[in-house]
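Structure record follows, encoded as structure tokens.
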Amino acid sequence: MPTVILLDVSLSMFRPVPSSDTTETHTRFTLAAAAINSFLDYLNVHVKLEYVALVTYSSTHDVAVPFTRDFDTIRTKLTHLEEGDKTCLEAALLGINHLVMSEWGSQTLVQTVLITDGSCGVGPLGRNLVIQALPLPPPYPSRVHIIPIASPNEPSLQHGMYFVKLCIV
């Protein structure tokens with residue numbers, strides 16, 4: 001089944017992760033990149049024929065790597081990604097819909113792995129307007145997996161997960 005890795009590259013993903021280890025400073029983005037590399041390692045061993053695309057998003061989306069079986073292309077691109085500005089999930093979902101429909105059509109099951117810090121980029125009032133604009137459900141069969149790169153106690157995660165969970169419907 002084709003897989004889209006949807007990676008949040010908004011400013012909030014580039015904040016340092018609080019840690020008691022003072023020798024290394026990690027950001028949410030570096031943790032996300034490590035998770036993606038581990039996922040690609042798994043696919044390389046167990047599902048070599050899997051097609052994977054890397055799509056990044058902040059206020060706009062970018063198809064960083066179209067569907068490919070060359071996982072090293074994705075690894076290389078991960079090291080060259082730049083931070084974006086604010087979070088705009090609806091633009092990313094529209095971009096994924098276009099990518100999947102042009103490549104696979106409406107009959108192929110596609111899984112999306114959303115990696116985010118959970119910050120939805122809008123407050124409680126704006127959230128309702130954004131929810132109405134979400135292109136859901138997608139025009140093709142899909143599975144969505146959400147990987148939050150945040151502490152479970154972070155307010156942005158608590159607020160944003162309601163928004164992000166709508167993607168699963």
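Ligands are numbered from 1 in the order shown, residues from 1 within each chain, and chains are lettered A, B, ... in the order they appear in the structure tokens.
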Report task. For region 105-114 of chain A, please output as a list in words all residues within 9 Å (counting only C-alpha atoms; exclusion window: fewer than 4 positions along the same chain). Result -> Met1, Pro2, Thr3, Val4, Ile5, Leu6, Leu7, Asp8, Ile96, Val100, Met101, Pro139, Tyr140, Pro141, Ser142, Arg143, Val144, His145, Ile146, Ile147 and Pro148 of chain A
Query raised in the report: Leaving out Thr79 (chain A) and any residue of its chain fewer than 2 positions from it, which residues lie within 12 Å of it when counting only C-alpha atoms, given as a PyMOL selection string?
Result: chain A and resi 29-30+32-34+36-37+64+72-77+81-83
Keeping only C-alpha atoms, take the residues you just selected and write them out as a PDB file, in the first residue's frame.
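The resulting selection35.pdb:
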```pdb
ATOM      1  CA  PHE A  29      12.167  18.063  13.896  1.00  0.00           C
ATOM      2  CA  THR A  30      15.347  16.059  14.597  1.00  0.00           C
ATOM      3  CA  ALA A  32      10.803  13.323  13.694  1.00  0.00           C
ATOM      4  CA  ALA A  33      13.630  12.794  11.191  1.00  0.00           C
ATOM      5  CA  ALA A  34      15.039   9.992  13.358  1.00  0.00           C
ATOM      6  CA  ILE A  36      11.231   8.604   9.713  1.00  0.00           C
ATOM      7  CA  ASN A  37      14.653   7.039   9.208  1.00  0.00           C
ATOM      8  CA  ALA A  64       9.526  16.987  -1.161  1.00  0.00           C
ATOM      9  CA  ASP A  72      17.713   6.935   0.288  1.00  0.00           C
ATOM     10  CA  THR A  73      16.216   9.820  -1.703  1.00  0.00           C
ATOM     11  CA  ILE A  74      13.886  10.515   1.215  1.00  0.00           C
ATOM     12  CA  ARG A  75      16.721  10.236   3.736  1.00  0.00           C
ATOM     13  CA  THR A  76      18.807  12.718   1.753  1.00  0.00           C
ATOM     14  CA  LYS A  77      15.914  15.145   1.425  1.00  0.00           C
ATOM     15  CA  LEU A  81      14.531  20.488   4.660  1.00  0.00           C
ATOM     16  CA  GLU A  82      14.097  24.025   5.920  1.00  0.00           C
ATOM     17  CA  GLU A  83      11.722  25.313   8.544  1.00  0.00           C
TER      18      GLU A  83
END
```
Quick one: everything within 8 Å of Phe67 (chain A), counting only C-alpha atoms, minus sequence neighbours fewer than 2 positions away in the same chain. Send it as a PDB file with N, CA and C atoms, in the first residue's frame.
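Heads up, here's the output in part-v9.pdb:
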```pdb
ATOM      1  N   PRO A   2       0.653   2.174  -0.882  1.00  0.00           N
ATOM      2  CA  PRO A   2       1.465   3.398  -0.908  1.00  0.00           C
ATOM      3  C   PRO A   2       1.345   4.159   0.415  1.00  0.00           C
ATOM      4  N   VAL A   4       2.219   7.897   2.404  1.00  0.00           N
ATOM      5  CA  VAL A   4       2.620   9.303   2.384  1.00  0.00           C
ATOM      6  C   VAL A   4       3.089   9.662   3.785  1.00  0.00           C
ATOM      7  N   TYR A  51       5.876   1.875  -2.020  1.00  0.00           N
ATOM      8  CA  TYR A  51       6.065   3.229  -2.555  1.00  0.00           C
ATOM      9  C   TYR A  51       5.832   4.216  -1.422  1.00  0.00           C
ATOM     10  N   VAL A  52       6.747   5.160  -1.262  1.00  0.00           N
ATOM     11  CA  VAL A  52       6.650   6.150  -0.188  1.00  0.00           C
ATOM     12  C   VAL A  52       6.875   7.533  -0.779  1.00  0.00           C
ATOM     13  N   ALA A  53       6.092   8.505  -0.315  1.00  0.00           N
ATOM     14  CA  ALA A  53       6.278   9.909  -0.690  1.00  0.00           C
ATOM     15  C   ALA A  53       6.488  10.714   0.586  1.00  0.00           C
ATOM     16  N   LEU A  54       7.259  11.777   0.474  1.00  0.00           N
ATOM     17  CA  LEU A  54       7.472  12.692   1.598  1.00  0.00           C
ATOM     18  C   LEU A  54       6.856  14.031   1.241  1.00  0.00           C
ATOM     19  N   VAL A  65       9.450  14.666  -1.888  1.00  0.00           N
ATOM     20  CA  VAL A  65       9.840  13.497  -2.684  1.00  0.00           C
ATOM     21  C   VAL A  65       8.554  12.812  -3.138  1.00  0.00           C
ATOM     22  N   ARG A  69      10.468   4.169  -4.560  1.00  0.00           N
ATOM     23  CA  ARG A  69      10.944   3.012  -3.790  1.00  0.00           C
ATOM     24  C   ARG A  69      12.376   3.234  -3.321  1.00  0.00           C
TER      25      ARG A  69
END
```
